[in-house]
$ cat start_11.txt   # compact mmCIF, N, CA and C atoms
# COMPACT_ATOMS: atom_id res chain seq x y z
N SER A 1336 -11.31 7.35 60.62
CA SER A 1336 -12.27 8.18 59.92
C SER A 1336 -12.39 9.53 60.60
N LEU A 1337 -13.05 10.46 59.95
CA LEU A 1337 -13.27 11.79 60.52
C LEU A 1337 -14.00 11.70 61.84
N SER A 1338 -14.89 10.71 61.96
CA SER A 1338 -15.71 10.59 63.15
C SER A 1338 -15.04 9.73 64.22
N GLY A 1339 -13.92 9.10 63.88
CA GLY A 1339 -13.27 8.20 64.83
C GLY A 1339 -13.90 6.82 64.87
N VAL A 1340 -14.88 6.57 63.99
CA VAL A 1340 -15.55 5.27 63.95
C VAL A 1340 -14.67 4.28 63.19
N ARG A 1341 -14.54 3.06 63.74
CA ARG A 1341 -13.75 2.06 63.03
C ARG A 1341 -14.65 0.98 62.44
N VAL A 1342 -14.09 0.22 61.52
CA VAL A 1342 -14.85 -0.81 60.81
C VAL A 1342 -14.47 -2.17 61.38
N SER A 1343 -15.47 -2.96 61.79
CA SER A 1343 -15.19 -4.27 62.37
C SER A 1343 -14.66 -5.23 61.31
N ASP A 1344 -13.88 -6.22 61.76
CA ASP A 1344 -13.38 -7.25 60.85
C ASP A 1344 -14.55 -8.01 60.22
N GLY A 1345 -15.60 -8.22 61.02
CA GLY A 1345 -16.78 -8.95 60.53
C GLY A 1345 -17.44 -8.25 59.35
N ALA A 1346 -17.41 -6.92 59.37
CA ALA A 1346 -18.01 -6.16 58.27
C ALA A 1346 -17.26 -6.41 56.98
N VAL A 1347 -15.93 -6.40 57.06
CA VAL A 1347 -15.10 -6.63 55.87
C VAL A 1347 -15.27 -8.06 55.36
N THR A 1348 -15.31 -9.03 56.28
CA THR A 1348 -15.50 -10.44 55.91
C THR A 1348 -16.84 -10.65 55.21
N ALA A 1349 -17.91 -10.04 55.75
CA ALA A 1349 -19.24 -10.21 55.16
C ALA A 1349 -19.27 -9.64 53.74
N PHE A 1350 -18.61 -8.49 53.54
CA PHE A 1350 -18.54 -7.89 52.21
C PHE A 1350 -17.80 -8.81 51.25
N ASN A 1351 -16.65 -9.32 51.67
CA ASN A 1351 -15.87 -10.20 50.79
C ASN A 1351 -16.60 -11.49 50.46
N ASP A 1352 -17.33 -12.03 51.44
CA ASP A 1352 -18.11 -13.26 51.20
C ASP A 1352 -19.23 -13.01 50.19
N LEU A 1353 -19.86 -11.84 50.28
CA LEU A 1353 -20.91 -11.50 49.32
C LEU A 1353 -20.32 -11.33 47.92
N LYS A 1354 -19.21 -10.61 47.87
CA LYS A 1354 -18.60 -10.27 46.58
C LYS A 1354 -18.01 -11.49 45.88
N THR A 1355 -17.29 -12.32 46.62
CA THR A 1355 -16.57 -13.42 45.97
C THR A 1355 -17.30 -14.75 46.01
N LYS A 1356 -18.07 -14.99 47.08
CA LYS A 1356 -18.74 -16.29 47.22
C LYS A 1356 -20.25 -16.20 47.05
N LYS A 1357 -20.76 -14.98 46.80
CA LYS A 1357 -22.21 -14.78 46.64
C LYS A 1357 -22.98 -15.27 47.86
N VAL A 1358 -22.44 -15.01 49.04
CA VAL A 1358 -23.12 -15.36 50.29
C VAL A 1358 -24.12 -14.25 50.61
N GLY A 1359 -25.41 -14.58 50.49
CA GLY A 1359 -26.45 -13.59 50.73
C GLY A 1359 -26.64 -12.68 49.53
N ARG A 1360 -27.72 -11.88 49.58
CA ARG A 1360 -28.00 -10.90 48.53
C ARG A 1360 -27.48 -9.53 48.93
N TYR A 1361 -27.54 -9.25 50.23
CA TYR A 1361 -27.06 -7.96 50.72
C TYR A 1361 -26.59 -8.08 52.16
N VAL A 1362 -25.82 -7.09 52.58
CA VAL A 1362 -25.39 -6.98 53.97
C VAL A 1362 -25.72 -5.57 54.41
N THR A 1363 -26.34 -5.43 55.57
CA THR A 1363 -26.53 -4.09 56.13
C THR A 1363 -25.58 -3.91 57.30
N PHE A 1364 -25.15 -2.67 57.48
CA PHE A 1364 -24.20 -2.32 58.53
C PHE A 1364 -24.74 -1.15 59.34
N VAL A 1365 -24.50 -1.17 60.63
CA VAL A 1365 -24.88 -0.05 61.49
C VAL A 1365 -23.67 0.36 62.33
N ILE A 1366 -23.75 1.57 62.87
CA ILE A 1366 -22.70 2.04 63.78
C ILE A 1366 -23.15 1.70 65.19
N THR A 1367 -22.36 0.87 65.85
CA THR A 1367 -22.67 0.40 67.20
C THR A 1367 -21.95 1.27 68.23
N ASN A 1368 -22.68 1.72 69.23
CA ASN A 1368 -22.12 2.54 70.33
C ASN A 1368 -21.34 3.76 69.83
N ASP A 1369 -21.72 4.28 68.67
CA ASP A 1369 -21.04 5.45 68.07
C ASP A 1369 -19.56 5.22 67.80
N THR A 1370 -19.10 3.96 67.84
CA THR A 1370 -17.66 3.71 67.71
C THR A 1370 -17.26 2.73 66.62
N GLU A 1371 -18.17 1.81 66.24
CA GLU A 1371 -17.75 0.74 65.33
C GLU A 1371 -18.84 0.39 64.33
N ILE A 1372 -18.45 0.21 63.08
CA ILE A 1372 -19.38 -0.23 62.03
C ILE A 1372 -19.41 -1.76 62.04
N THR A 1373 -20.60 -2.31 62.29
CA THR A 1373 -20.75 -3.76 62.43
C THR A 1373 -21.87 -4.26 61.50
N VAL A 1374 -21.89 -5.58 61.27
CA VAL A 1374 -22.94 -6.19 60.44
C VAL A 1374 -24.25 -6.23 61.22
N ALA A 1375 -25.32 -5.75 60.59
CA ALA A 1375 -26.65 -5.82 61.21
C ALA A 1375 -27.41 -7.03 60.68
N THR A 1376 -27.51 -7.15 59.35
CA THR A 1376 -28.24 -8.27 58.76
C THR A 1376 -27.56 -8.73 57.47
N ILE A 1377 -27.79 -9.99 57.13
CA ILE A 1377 -27.39 -10.52 55.83
C ILE A 1377 -28.67 -11.03 55.17
N GLY A 1378 -29.02 -10.44 54.03
CA GLY A 1378 -30.27 -10.81 53.36
C GLY A 1378 -30.10 -12.08 52.56
N GLU A 1379 -31.14 -12.88 52.52
CA GLU A 1379 -31.09 -14.14 51.77
C GLU A 1379 -30.91 -13.86 50.28
N ARG A 1380 -30.23 -14.78 49.62
CA ARG A 1380 -29.91 -14.63 48.19
C ARG A 1380 -31.16 -14.42 47.35
N LYS A 1381 -32.29 -15.03 47.75
CA LYS A 1381 -33.51 -14.96 46.95
C LYS A 1381 -34.25 -13.62 47.09
N GLU A 1382 -33.84 -12.79 48.03
CA GLU A 1382 -34.54 -11.51 48.23
C GLU A 1382 -34.32 -10.56 47.05
N THR A 1383 -35.36 -9.80 46.76
CA THR A 1383 -35.28 -8.84 45.66
C THR A 1383 -34.84 -7.47 46.19
N TYR A 1384 -34.46 -6.62 45.26
CA TYR A 1384 -34.10 -5.25 45.63
C TYR A 1384 -35.30 -4.54 46.26
N GLU A 1385 -36.48 -4.76 45.70
CA GLU A 1385 -37.70 -4.13 46.23
C GLU A 1385 -37.97 -4.56 47.66
N GLU A 1386 -37.74 -5.84 47.97
CA GLU A 1386 -37.93 -6.33 49.34
C GLU A 1386 -36.93 -5.67 50.29
N PHE A 1387 -35.71 -5.51 49.82
CA PHE A 1387 -34.69 -4.83 50.63
C PHE A 1387 -35.11 -3.39 50.93
N VAL A 1388 -35.50 -2.66 49.89
CA VAL A 1388 -35.88 -1.25 50.05
C VAL A 1388 -37.08 -1.12 51.00
N ALA A 1389 -38.02 -2.06 50.89
CA ALA A 1389 -39.22 -2.01 51.74
C ALA A 1389 -38.89 -2.16 53.23
N LYS A 1390 -37.76 -2.76 53.54
CA LYS A 1390 -37.37 -2.97 54.94
C LYS A 1390 -36.63 -1.77 55.54
N LEU A 1391 -36.25 -0.80 54.71
CA LEU A 1391 -35.51 0.34 55.24
C LEU A 1391 -36.37 1.13 56.21
N ASP A 1392 -35.76 1.55 57.30
CA ASP A 1392 -36.46 2.29 58.35
C ASP A 1392 -36.36 3.79 58.05
N ALA A 1393 -37.50 4.46 58.02
CA ALA A 1393 -37.53 5.89 57.68
C ALA A 1393 -36.95 6.79 58.77
N SER A 1394 -36.55 6.19 59.91
CA SER A 1394 -35.98 7.00 60.98
C SER A 1394 -34.61 6.52 61.44
N ALA A 1395 -34.05 5.52 60.74
CA ALA A 1395 -32.77 4.97 61.18
C ALA A 1395 -31.80 4.80 60.01
N PRO A 1396 -30.64 5.45 60.07
CA PRO A 1396 -29.68 5.30 59.00
C PRO A 1396 -28.98 3.94 59.02
N LEU A 1397 -28.46 3.55 57.88
CA LEU A 1397 -27.62 2.37 57.79
C LEU A 1397 -26.81 2.44 56.50
N TYR A 1398 -25.85 1.54 56.40
CA TYR A 1398 -25.11 1.33 55.16
C TYR A 1398 -25.50 -0.05 54.67
N ALA A 1399 -25.43 -0.26 53.37
CA ALA A 1399 -25.68 -1.60 52.84
C ALA A 1399 -24.82 -1.86 51.62
N ILE A 1400 -24.49 -3.12 51.44
CA ILE A 1400 -23.86 -3.60 50.22
C ILE A 1400 -24.88 -4.54 49.59
N PHE A 1401 -25.22 -4.30 48.33
CA PHE A 1401 -26.25 -5.10 47.67
C PHE A 1401 -25.70 -5.63 46.36
N ASP A 1402 -25.85 -6.94 46.15
CA ASP A 1402 -25.42 -7.55 44.89
C ASP A 1402 -26.60 -7.44 43.91
N PHE A 1403 -26.53 -6.44 43.04
CA PHE A 1403 -27.66 -6.07 42.18
C PHE A 1403 -27.47 -6.68 40.79
N GLU A 1404 -28.45 -7.45 40.38
CA GLU A 1404 -28.42 -8.10 39.06
C GLU A 1404 -29.59 -7.62 38.22
N TRP A 1405 -29.34 -7.42 36.94
CA TRP A 1405 -30.43 -7.03 36.04
C TRP A 1405 -30.14 -7.53 34.64
N GLU A 1406 -31.19 -7.53 33.83
CA GLU A 1406 -31.08 -8.03 32.46
C GLU A 1406 -30.96 -6.87 31.48
N THR A 1407 -30.13 -7.06 30.46
CA THR A 1407 -30.05 -6.09 29.37
C THR A 1407 -30.19 -6.85 28.06
N ALA A 1408 -30.31 -6.12 26.96
CA ALA A 1408 -30.39 -6.75 25.64
C ALA A 1408 -29.13 -7.58 25.36
N ASP A 1409 -28.02 -7.19 26.00
CA ASP A 1409 -26.75 -7.90 25.80
C ASP A 1409 -26.53 -9.00 26.82
N GLY A 1410 -27.54 -9.25 27.66
CA GLY A 1410 -27.38 -10.31 28.66
C GLY A 1410 -27.40 -9.76 30.08
N PRO A 1411 -27.20 -10.66 31.06
CA PRO A 1411 -27.29 -10.25 32.46
C PRO A 1411 -26.13 -9.35 32.89
N ARG A 1412 -26.40 -8.46 33.82
CA ARG A 1412 -25.39 -7.57 34.40
C ARG A 1412 -25.44 -7.71 35.92
N ASP A 1413 -24.34 -7.36 36.56
CA ASP A 1413 -24.23 -7.50 38.01
C ASP A 1413 -23.31 -6.41 38.53
N LYS A 1414 -23.78 -5.65 39.51
CA LYS A 1414 -22.95 -4.63 40.15
C LYS A 1414 -23.15 -4.71 41.66
N ILE A 1415 -22.07 -4.48 42.37
CA ILE A 1415 -22.18 -4.36 43.82
C ILE A 1415 -22.49 -2.89 44.13
N LEU A 1416 -23.56 -2.67 44.88
CA LEU A 1416 -23.94 -1.31 45.27
C LEU A 1416 -23.49 -1.06 46.71
N PHE A 1417 -22.96 0.11 46.95
CA PHE A 1417 -22.66 0.56 48.32
C PHE A 1417 -23.67 1.66 48.62
N ILE A 1418 -24.65 1.32 49.45
CA ILE A 1418 -25.78 2.21 49.71
C ILE A 1418 -25.60 2.90 51.06
N THR A 1419 -25.69 4.20 51.05
CA THR A 1419 -25.72 4.96 52.29
C THR A 1419 -27.14 5.48 52.46
N TRP A 1420 -27.82 4.97 53.47
CA TRP A 1420 -29.22 5.33 53.73
C TRP A 1420 -29.25 6.23 54.96
N ILE A 1421 -29.51 7.52 54.75
CA ILE A 1421 -29.62 8.47 55.86
C ILE A 1421 -30.94 9.20 55.70
N PRO A 1422 -32.04 8.58 56.18
CA PRO A 1422 -33.36 9.14 55.94
C PRO A 1422 -33.58 10.48 56.65
N ASP A 1423 -34.46 11.26 56.06
CA ASP A 1423 -34.79 12.59 56.61
C ASP A 1423 -35.27 12.49 58.05
N GLY A 1424 -35.91 11.38 58.40
CA GLY A 1424 -36.44 11.21 59.75
C GLY A 1424 -35.43 10.83 60.82
N SER A 1425 -34.15 10.71 60.45
CA SER A 1425 -33.11 10.34 61.43
C SER A 1425 -32.84 11.50 62.38
N LYS A 1426 -32.32 11.15 63.56
CA LYS A 1426 -31.87 12.19 64.49
C LYS A 1426 -30.66 12.90 63.89
N VAL A 1427 -30.51 14.17 64.19
CA VAL A 1427 -29.42 14.98 63.62
C VAL A 1427 -28.06 14.38 63.93
N LYS A 1428 -27.85 13.94 65.16
CA LYS A 1428 -26.55 13.37 65.55
C LYS A 1428 -26.24 12.11 64.71
N ALA A 1429 -27.25 11.28 64.50
CA ALA A 1429 -27.06 10.06 63.71
C ALA A 1429 -26.74 10.40 62.26
N LYS A 1430 -27.44 11.39 61.70
CA LYS A 1430 -27.17 11.82 60.32
C LYS A 1430 -25.71 12.23 60.17
N MET A 1431 -25.23 13.03 61.12
CA MET A 1431 -23.85 13.52 61.06
C MET A 1431 -22.85 12.38 61.20
N LEU A 1432 -23.12 11.45 62.12
CA LEU A 1432 -22.22 10.34 62.37
C LEU A 1432 -22.11 9.43 61.13
N TYR A 1433 -23.27 9.12 60.53
CA TYR A 1433 -23.25 8.24 59.35
C TYR A 1433 -22.61 8.94 58.15
N ALA A 1434 -22.89 10.22 57.98
CA ALA A 1434 -22.30 10.95 56.86
C ALA A 1434 -20.79 11.01 56.98
N SER A 1435 -20.29 11.22 58.20
CA SER A 1435 -18.84 11.39 58.39
C SER A 1435 -18.09 10.06 58.48
N SER A 1436 -18.81 8.95 58.62
CA SER A 1436 -18.15 7.64 58.75
C SER A 1436 -18.18 6.82 57.47
N LYS A 1437 -18.93 7.29 56.48
CA LYS A 1437 -19.10 6.55 55.23
C LYS A 1437 -17.77 6.25 54.55
N ALA A 1438 -16.88 7.23 54.51
CA ALA A 1438 -15.59 7.05 53.83
C ALA A 1438 -14.76 5.95 54.49
N ALA A 1439 -14.85 5.83 55.81
CA ALA A 1439 -14.09 4.79 56.53
C ALA A 1439 -14.54 3.41 56.08
N LEU A 1440 -15.86 3.23 55.94
CA LEU A 1440 -16.37 1.93 55.50
C LEU A 1440 -15.97 1.67 54.05
N GLY A 1441 -16.15 2.67 53.20
CA GLY A 1441 -15.79 2.51 51.79
C GLY A 1441 -14.34 2.12 51.60
N SER A 1442 -13.44 2.76 52.34
CA SER A 1442 -12.02 2.44 52.16
C SER A 1442 -11.68 1.08 52.77
N ALA A 1443 -12.33 0.70 53.86
CA ALA A 1443 -12.08 -0.62 54.46
C ALA A 1443 -12.53 -1.74 53.53
N LEU A 1444 -13.61 -1.49 52.77
CA LEU A 1444 -14.12 -2.51 51.85
C LEU A 1444 -13.31 -2.56 50.56
N GLY A 1445 -12.60 -1.50 50.28
CA GLY A 1445 -11.64 -1.52 49.19
C GLY A 1445 -12.15 -1.20 47.80
N GLY A 1446 -13.40 -0.83 47.66
CA GLY A 1446 -13.89 -0.44 46.34
C GLY A 1446 -14.48 -1.57 45.54
N GLY A 1447 -14.65 -1.30 44.23
CA GLY A 1447 -15.28 -2.29 43.37
C GLY A 1447 -16.78 -2.26 43.46
N PHE A 1448 -17.33 -1.08 43.80
CA PHE A 1448 -18.78 -0.96 43.92
C PHE A 1448 -19.25 0.38 43.38
N VAL A 1449 -20.54 0.49 43.16
CA VAL A 1449 -21.17 1.73 42.73
C VAL A 1449 -21.80 2.37 43.96
N GLU A 1450 -21.49 3.63 44.22
CA GLU A 1450 -22.04 4.29 45.40
C GLU A 1450 -23.42 4.87 45.11
N VAL A 1451 -24.34 4.62 46.04
CA VAL A 1451 -25.70 5.12 45.95
C VAL A 1451 -26.04 5.70 47.31
N ALA A 1452 -26.65 6.89 47.33
CA ALA A 1452 -27.03 7.49 48.61
C ALA A 1452 -28.48 7.92 48.56
N GLY A 1453 -29.16 7.78 49.68
CA GLY A 1453 -30.55 8.18 49.72
C GLY A 1453 -30.99 8.69 51.07
N SER A 1454 -31.93 9.64 51.05
CA SER A 1454 -32.57 10.11 52.28
C SER A 1454 -34.07 9.81 52.20
N ASP A 1455 -34.49 9.34 51.03
CA ASP A 1455 -35.89 8.99 50.79
C ASP A 1455 -35.88 7.81 49.80
N VAL A 1456 -36.87 6.94 49.90
CA VAL A 1456 -36.91 5.75 49.04
C VAL A 1456 -36.82 6.12 47.56
N SER A 1457 -37.40 7.26 47.18
CA SER A 1457 -37.37 7.65 45.76
C SER A 1457 -35.95 7.90 45.26
N ASP A 1458 -35.00 8.16 46.19
CA ASP A 1458 -33.60 8.39 45.80
C ASP A 1458 -32.92 7.10 45.36
N ILE A 1459 -33.43 5.96 45.82
CA ILE A 1459 -32.71 4.70 45.60
C ILE A 1459 -33.60 3.61 45.03
N ASP A 1460 -34.79 3.96 44.56
CA ASP A 1460 -35.66 2.92 44.00
C ASP A 1460 -35.07 2.38 42.69
N ARG A 1461 -35.64 1.31 42.19
CA ARG A 1461 -35.07 0.63 41.02
C ARG A 1461 -34.95 1.56 39.81
N ASP A 1462 -35.96 2.37 39.55
CA ASP A 1462 -35.92 3.25 38.38
C ASP A 1462 -34.75 4.23 38.45
N THR A 1463 -34.56 4.82 39.62
CA THR A 1463 -33.45 5.77 39.83
C THR A 1463 -32.12 5.05 39.66
N LEU A 1464 -32.06 3.85 40.21
CA LEU A 1464 -30.84 3.04 40.13
C LEU A 1464 -30.51 2.66 38.69
N MET A 1465 -31.52 2.22 37.94
CA MET A 1465 -31.28 1.81 36.56
C MET A 1465 -30.77 2.98 35.73
N TYR A 1466 -31.31 4.16 35.99
CA TYR A 1466 -30.85 5.37 35.29
C TYR A 1466 -29.36 5.60 35.57
N LYS A 1467 -29.00 5.44 36.83
CA LYS A 1467 -27.61 5.64 37.23
C LYS A 1467 -26.67 4.57 36.63
N LEU A 1468 -27.14 3.32 36.63
CA LEU A 1468 -26.30 2.22 36.15
C LEU A 1468 -26.14 2.22 34.63
N LYS A 1469 -27.11 2.78 33.93
CA LYS A 1469 -27.04 2.77 32.46
C LYS A 1469 -26.14 3.88 31.91
N LYS A 1470 -25.75 4.81 32.77
CA LYS A 1470 -24.92 5.94 32.30
C LYS A 1470 -23.56 5.45 31.82

$ encode --input "start_11.txt" --output "structure tokens"
Amino acid sequence: SLSGVRVSDGAVTAFNDLKTKKVGRYVTFVITNDTEITVATIGERKETYEEFVAKLDASAPLYAIFDFEWETADGPRDKILFITWIPDGSKVKAKMLYASSKAALGSALGGGFVEVAGSDVSDIDRDTLMYKLKK
């Protein structure tokens, strides 16, 4: 990546398990020691998107993959979200590191997701997301 940060094997495995085996509802990733993207947490399958958003730290960036399900008139829908959370309250160095390492994680995971980015909860809340997904 531009930042020299690499993606751990565990991060790729956790993504594939979520995507193909529905293991957990979401996976969060952090950059460890400024060198490697690793798994921070795996959210339980029963957790809602609102519960996930409520846990985001207003001063600490992270990446997340979320298996987002919703209902439409035509039936249920499901999309994998790739969320880049870089809140305004983060340290400048962390903001730069996460912004420049995002592409490395995206390419390691191989795609098949909708990208969502936020610096404030209002950027990624359900209403904003639904607007984006309905386009």

$ residues_around --input "start_11.txt" --residues "Lys1414 of chain A" --least-positions-apart "2" --cutoff "7 Å" --atoms "only N, CA and C atoms" --output "PyMOL selection string"
chain A and resi 1401-1405+1412+1416+1448-1449

$ atom_distance --input "start_11.txt" --atom1 "atom CA of Leu1397 of chain A" --atom2 "atom CA of Thr1419 of chain A"
6.4 Å

$ select_by_dssp --input "start_11.txt" --residues "segment 1386-1458 of chain A" --states "alpha helix (DSSP H)" --output "MDAnalysis selection string"
chainID A and resid 1386:1389 1427:1444 1456:1458

$ residues_around --input "start_11.txt" --residues "Phe1387 of chain A" --least-positions-apart "5" --cutoff "9 Å" --atoms "only C-alpha atoms" --output "VMD selection string"
chain A and resid 1361 1378 1382 1401

$ residues_around --input "start_11.txt" --residues "Leu1432 of chain A" --least-positions-apart "5" --cutoff "12 Å" --atoms "only C-alpha atoms" --output "PyMOL selection string"
chain A and resi 1336-1341+1365-1372+1395-1398+1419+1421+1425-1427+1437-1439

$ closest_residue --input "start_11.txt" --among "A:Ser1442, A:Thr1376, A:Thr1407, A:Ser1394" --to "Asp1423 of chain A" --atoms "all atoms listed in the file"
A:Ser1394

$ closest_residue --input "start_11.txt" --among "A:Tyr1433, A:Asp1392, A:Ala1399, A:Glu1386" --to "Thr1363 of chain A" --atoms "only N, CA and C atoms"
A:Ala1399

$ atom_distance --input "start_11.txt" --atom1 "atom CA of Ile1415 of chain A" --atom2 "atom CA of Ile1400 of chain A"
6.7 Å

$ residues_around --input "start_11.txt" --residues "Gly1345 of chain A" --least-positions-apart "6" --cutoff "8 Å" --atoms "all atoms listed in the file" --output "list in words"
Asn1351, Ile1372, Thr1373 and Val1374 of chain A

$ atom_distance --input "start_11.txt" --atom1 "atom C of Ala1375 of chain A" --atom2 "atom N of Lys1357 of chain A"
17.3 Å

$ select_by_dssp --input "start_11.txt" --residues "chain A" --states "strand (DSSP E)" --output "MDAnalysis selection string"
chainID A and resid 1341:1342 1361:1367 1371:1378 1397:1407 1410:1420 1449:1453
